[in-house]
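The file protein-v5.csv comes next; it holds CSV, C-alpha atoms.
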```
chain,number,residue,atom,x,y,z
V,15,MET,CA,69.2,-137.5,59.9
V,16,LEU,CA,67.3,-134.8,57.9
V,17,PRO,CA,64.7,-136.2,55.6
V,18,PRO,CA,64.8,-135.3,51.9
V,19,ALA,CA,63.2,-132.0,51.0
V,20,ARG,CA,59.9,-131.9,49.2
V,21,ALA,CA,59.9,-128.2,48.4
V,22,VAL,CA,62.3,-125.3,47.6
V,23,VAL,CA,61.1,-121.8,48.1
V,24,ILE,CA,63.2,-118.9,46.7
V,25,ASP,CA,63.5,-115.2,47.2
V,26,LEU,CA,63.4,-112.9,44.2
V,27,ASP,CA,65.6,-109.8,44.5
V,28,GLY,CA,69.2,-110.7,44.8
V,29,THR,CA,68.4,-114.4,44.7
V,30,LEU,CA,66.7,-115.2,41.4
V,31,ALA,CA,67.9,-112.1,39.6
V,32,ASP,CA,69.7,-108.8,40.2
V,33,THR,CA,66.8,-106.3,40.0
V,34,PHE,CA,68.5,-103.6,42.1
V,35,GLY,CA,69.2,-101.3,39.1
V,36,ALA,CA,65.6,-101.5,37.9
V,37,MET,CA,64.3,-100.8,41.4
V,38,TYR,CA,66.7,-97.9,41.9
V,39,ALA,CA,65.6,-96.3,38.6
V,40,ALA,CA,61.9,-96.8,39.6
V,41,PHE,CA,62.3,-95.2,43.1
V,42,CYS,CA,64.2,-92.3,41.6
V,43,ALA,CA,61.4,-91.7,39.0
V,44,ALA,CA,58.6,-92.1,41.5
V,45,SER,CA,60.2,-89.8,44.2
V,46,GLY,CA,61.4,-87.2,41.7
V,47,ARG,CA,64.9,-87.2,43.0
V,48,ALA,CA,68.3,-88.9,42.7
V,49,LEU,CA,68.4,-91.2,45.7
V,50,ASP,CA,71.5,-92.1,47.5
V,51,VAL,CA,72.2,-95.8,46.9
V,52,ASP,CA,73.0,-96.6,50.5
V,53,GLU,CA,69.8,-94.8,51.6
V,54,LEU,CA,67.7,-97.0,49.3
V,55,ILE,CA,69.5,-100.2,50.4
V,56,ALA,CA,68.7,-99.3,54.0
V,57,LEU,CA,65.1,-98.8,53.2
V,58,MET,CA,65.0,-102.2,51.6
V,59,GLY,CA,66.2,-104.0,54.7
V,60,PRO,CA,64.3,-106.3,57.0
V,61,GLY,CA,60.7,-105.4,57.4
V,62,ALA,CA,60.8,-103.1,54.4
V,63,GLY,CA,57.4,-104.1,52.9
V,64,THR,CA,56.3,-103.5,49.3
V,65,GLU,CA,57.4,-100.8,46.9
V,66,ALA,CA,54.4,-98.7,48.1
V,67,GLY,CA,55.6,-99.0,51.7
V,68,ILE,CA,59.1,-97.9,50.7
V,69,LEU,CA,57.8,-95.0,48.8
V,70,ALA,CA,55.8,-94.0,51.9
V,71,GLN,CA,59.1,-94.0,53.9
V,72,LEU,CA,60.4,-91.6,51.2
V,73,GLY,CA,57.5,-89.3,51.8
V,74,VAL,CA,55.7,-90.2,48.6
V,75,GLN,CA,52.1,-91.4,49.0
V,76,ASN,CA,50.1,-90.8,45.9
V,77,PRO,CA,48.7,-93.2,43.2
V,78,ALA,CA,50.4,-91.2,40.4
V,79,ALA,CA,53.8,-91.7,41.9
V,80,LEU,CA,53.2,-95.4,42.3
V,81,GLU,CA,52.2,-95.7,38.7
V,82,ARG,CA,55.4,-93.9,37.7
V,83,TRP,CA,57.2,-96.5,39.7
V,84,TYR,CA,55.6,-99.4,37.8
V,85,GLU,CA,56.1,-97.7,34.4
V,86,GLN,CA,59.8,-97.2,35.1
V,87,TYR,CA,60.3,-100.6,36.6
V,88,ARG,CA,58.7,-102.4,33.7
V,89,GLY,CA,60.8,-100.5,31.2
V,90,ALA,CA,64.0,-101.3,33.1
V,91,HIS,CA,63.8,-105.1,32.4
V,92,GLU,CA,65.4,-105.1,29.0
V,93,GLY,CA,68.4,-107.5,29.1
V,94,LEU,CA,67.5,-108.7,32.6
V,95,ALA,CA,68.1,-112.4,33.1
V,96,PRO,CA,68.1,-114.8,36.1
V,97,PHE,CA,71.4,-115.3,37.8
V,98,PRO,CA,73.4,-118.0,36.0
V,99,GLY,CA,72.0,-121.4,36.6
V,100,MET,CA,68.8,-120.3,38.3
V,101,ARG,CA,66.4,-121.1,35.5
V,102,ALA,CA,68.0,-124.6,35.1
V,103,PHE,CA,67.8,-125.0,38.8
V,104,LEU,CA,64.1,-124.5,38.9
V,105,ASP,CA,63.7,-126.9,35.9
V,106,ASP,CA,65.9,-129.5,37.7
V,107,ALA,CA,64.1,-129.2,41.0
V,108,ARG,CA,60.7,-129.8,39.4
V,109,ALA,CA,62.1,-132.7,37.4
V,110,ARG,CA,63.2,-134.3,40.7
V,111,GLY,CA,59.7,-134.0,42.1
V,112,LEU,CA,60.2,-130.9,44.3
V,113,ARG,CA,57.5,-128.3,44.7
V,114,THR,CA,58.8,-124.8,43.9
V,115,GLY,CA,57.7,-121.6,45.5
V,116,MET,CA,58.6,-118.0,45.8
V,117,LEU,CA,58.3,-115.6,48.8
V,118,THR,CA,59.2,-112.0,48.1
V,119,GLY,CA,58.6,-108.7,49.9
V,120,LYS,CA,57.7,-107.1,46.5
V,121,GLY,CA,54.1,-106.4,45.7
V,122,ARG,CA,52.3,-108.9,43.4
V,123,ARG,CA,52.2,-106.5,40.4
V,124,SER,CA,55.9,-105.8,40.4
V,125,THR,CA,56.7,-109.5,41.1
V,126,LEU,CA,54.8,-110.6,38.1
V,127,ILE,CA,56.5,-107.9,35.9
V,128,THR,CA,59.8,-109.5,36.8
V,129,LEU,CA,58.9,-113.1,36.7
V,130,ASP,CA,57.1,-112.7,33.3
V,131,ALA,CA,60.1,-110.8,31.9
V,132,LEU,CA,62.4,-113.6,33.1
V,133,GLY,CA,60.1,-116.3,31.7
V,134,VAL,CA,60.0,-118.3,34.9
V,135,THR,CA,56.4,-117.7,36.2
V,136,ALA,CA,55.3,-121.1,35.1
V,137,LEU,CA,58.1,-122.8,36.9
V,138,LEU,CA,56.8,-121.7,40.3
V,139,ASP,CA,53.9,-123.7,42.0
V,140,ALA,CA,53.2,-121.0,44.5
V,141,ILE,CA,54.0,-117.3,44.6
V,142,ILE,CA,53.5,-115.3,47.8
V,143,THR,CA,54.3,-111.5,47.7
V,144,GLY,CA,54.3,-108.7,50.2
V,145,ASP,CA,50.6,-108.1,49.3
V,146,GLU,CA,49.6,-111.5,50.7
V,147,ALA,CA,52.2,-112.3,53.4
V,148,PRO,CA,50.8,-111.5,56.9
V,149,ALA,CA,53.9,-109.5,57.8
V,150,ALA,CA,57.2,-108.7,56.1
V,151,LYS,CA,60.3,-110.9,56.6
V,152,PRO,CA,61.9,-111.8,59.0
V,153,ASP,CA,58.4,-112.7,60.2
V,154,PRO,CA,57.9,-116.4,59.3
V,155,GLY,CA,54.3,-116.0,58.2
V,156,GLY,CA,55.1,-115.6,54.5
V,157,ILE,CA,57.2,-118.7,54.3
V,158,LEU,CA,54.5,-120.7,56.2
V,159,LEU,CA,51.8,-119.4,53.9
V,160,THR,CA,53.8,-120.4,50.9
V,161,LEU,CA,54.3,-123.9,52.3
V,162,ILE,CA,50.6,-124.2,53.0
V,163,ARG,CA,50.0,-123.4,49.3
V,164,LEU,CA,52.6,-126.1,48.4
V,165,GLY,CA,51.2,-128.7,50.8
V,166,VAL,CA,54.7,-129.2,52.4
V,167,PRO,CA,55.6,-129.0,56.1
V,168,PRO,CA,58.5,-126.7,57.1
V,169,ALA,CA,60.7,-129.6,58.1
V,170,ARG,CA,60.6,-130.8,54.5
V,171,ALA,CA,61.4,-127.4,52.9
V,172,VAL,CA,64.4,-125.3,52.1
V,173,TYR,CA,64.3,-121.5,51.7
V,174,ILE,CA,66.9,-119.9,49.5
V,175,GLY,CA,67.6,-116.2,50.1
V,176,ASP,CA,70.3,-113.5,50.2
V,177,SER,CA,69.3,-111.3,53.1
V,178,LEU,CA,69.4,-111.2,56.8
V,179,ALA,CA,65.6,-111.0,56.7
V,180,ASP,CA,65.5,-114.3,54.7
V,181,PHE,CA,67.8,-115.9,57.2
V,182,GLY,CA,65.6,-114.9,60.1
V,183,ALA,CA,62.3,-115.8,58.4
V,184,ALA,CA,63.6,-119.3,57.5
V,185,ARG,CA,64.9,-120.0,61.0
V,186,ALA,CA,61.6,-118.8,62.6
V,187,ALA,CA,59.6,-120.9,60.2
V,188,GLY,CA,61.5,-124.1,60.9
V,189,THR,CA,62.8,-124.6,57.4
V,190,ARG,CA,66.4,-125.1,56.3
V,191,ILE,CA,68.1,-122.0,54.9
V,192,ALA,CA,70.4,-121.9,51.9
V,193,ALA,CA,72.4,-118.7,51.6
V,194,ALA,CA,72.5,-117.2,48.1
V,195,LEU,CA,75.9,-115.5,48.0
V,196,TRP,CA,76.3,-114.6,44.4
V,197,ASP,CA,75.1,-111.0,44.7
V,198,PRO,CA,77.8,-108.8,46.4
V,199,ARG,CA,75.0,-107.0,48.3
V,200,ALA,CA,74.0,-110.3,50.0
V,201,SER,CA,73.5,-109.3,53.6
V,202,ILE,CA,72.9,-112.9,54.6
V,203,ALA,CA,76.7,-113.2,54.7
V,204,ARG,CA,76.6,-111.2,57.9
V,205,ALA,CA,74.0,-113.4,59.7
V,206,GLU,CA,74.7,-114.5,63.2
V,207,GLY,CA,74.8,-118.3,62.8
V,208,GLN,CA,75.6,-120.5,59.8
V,209,PRO,CA,73.2,-121.3,57.0
V,210,ASP,CA,72.4,-125.0,56.3
V,211,TYR,CA,73.8,-124.6,52.8
V,212,ALA,CA,76.1,-121.9,51.3
V,213,LEU,CA,75.6,-121.3,47.5
V,214,LEU,CA,78.5,-119.3,46.0
V,215,GLY,CA,77.5,-119.6,42.4
V,216,GLU,CA,76.1,-121.8,39.5
V,217,ASP,CA,78.4,-124.7,40.2
V,218,ASP,CA,76.9,-125.2,43.7
V,219,LEU,CA,73.3,-125.6,42.5
V,220,GLY,CA,73.5,-129.2,41.2
V,221,PRO,CA,75.3,-130.5,44.3
V,222,PHE,CA,72.8,-128.6,46.5
V,223,LEU,CA,69.9,-130.3,44.8
V,224,ASP,CA,71.7,-133.6,45.2
V,225,ALA,CA,72.1,-132.9,49.0
V,226,ILE,CA,68.5,-132.0,49.7
V,227,THR,CA,66.9,-134.8,47.7
V,228,VAL,CA,68.6,-137.5,49.7
V,229,ALA,CA,68.6,-138.0,53.4
V,230,ASP,CA,71.1,-135.6,55.0
V,231,SER,CA,73.2,-137.4,57.6
V,232,ARG,CA,74.5,-134.2,59.3
```

How does this structure look as structure tokens?
Amino acid sequence: MLPPARAVVIDLDGTLADTFGAMYAAFCAASGRALDVDELIALMGPGAGTEAGILAQLGVQNPAALERWYEQYRGAHEGLAPFPGMRAFLDDARARGLRTGMLTGKGRRSTLITLDALGVTALLDAIITGDEAPAAKPDPGGILLTLIRLGVPPARAVYIGDSLADFGAARAAGTRIAAALWDPRASIARAEGQPDYALLGEDDLGPFLDAITVADSR
């Protein structure tokens, strides 16, 4: 019997909110060219690293270009909102006594641009970004560092993500994994192996919290 969870840790891009359009615009502005969407998606795959690392893969390695990235990215947040139910999910999780954390491959500056724009920064007890994690997902170090900050062991935590890298990181860290499947680009749907929980949309979030806050008899 699995014990009740004491923490939930979430991914940002594709899990908390759909930021792809903002990132695409920022990478095009910083690189000075209209990027192929599939090319950018491939660069943002497992082990991608921060926005600076992705720009380096595009052959762009200068401070001015990175500043253009941040300027464009910040300006692309008008109208951006969390996926339906995600803000209420964080509120509900905290109300039930769960610690809340975020692990994202984005750099800290871009992460806080998004979280502040969404109005959810204060709902997270720990935020670990690609600037602090010892290695990019699927390496488990980022999840483990987040849980150290939260004071919760891996066996009592659930990680929510949408990518193959999220799946691999959670499995390697020893946490349960919940697959966020509301974004059509969610590569976690192609993972070899089943997630512990499958979340198709807003209606699944309440039952998911019910399931992880009582002993799981599976």

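With atom CA of V:Tyr87 on one side and atom CA of V:Ala36 on the other, the separation reads 5.5 Å.
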
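Shortest atom-to-atom contact with V:Arg163 among V:Leu132, V:Ile127, V:Val51, V:Ala21: V:Ala21, counting all atoms listed in the file.
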
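Residues in contact with V:Gly89 at up to 10 Å, not including ones fewer than 2 positions away on its chain and judged by all atoms listed in the file, are Ala36, Ala39, Ala40, Tyr84, Glu85, Gln86, Tyr87, His91, Glu92 and Ile127 of chain V.
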
Problem set entry | Who sits within 10 Å of V:Leu138, all atoms listed in the file, same chain under 4 positions skipped, as a PyMOL selection string | chain V and resi 22-24+104-105+108+113-116+129+134

Mind giving me the axis-aligned box for stretch 41-53 of chain V with 6 Å on every side, centre plus edges in Å to one decimal, as lines of an AutoDock Vina configuration file?
```
center_x = 65.8
center_y = -91.9
center_z = 45.3
size_x = 26.4
size_y = 21.4
size_z = 24.6
```

Problem set entry | Shell of 10 Å around V:Gly156, all atoms listed in the file, local chain residues under 2 positions omitted, as a ChimeraX atom specification | /V:116-119,142-144,146-154,158-162,183-184,187

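What separates atom CA of V:Glu53 from atom CA of V:Ala179 is a distance of 17.5 Å.
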
For this session: For V:Ala203, list every protein, DNA or RNA residue within 9 Å, evaluated using all atoms listed in the file, and leave out those in the same chain fewer than 2 positions away; present the list as a PyMOL selection string.
Result: chain V and resi 176-178+193-195+200-201+205-206+208
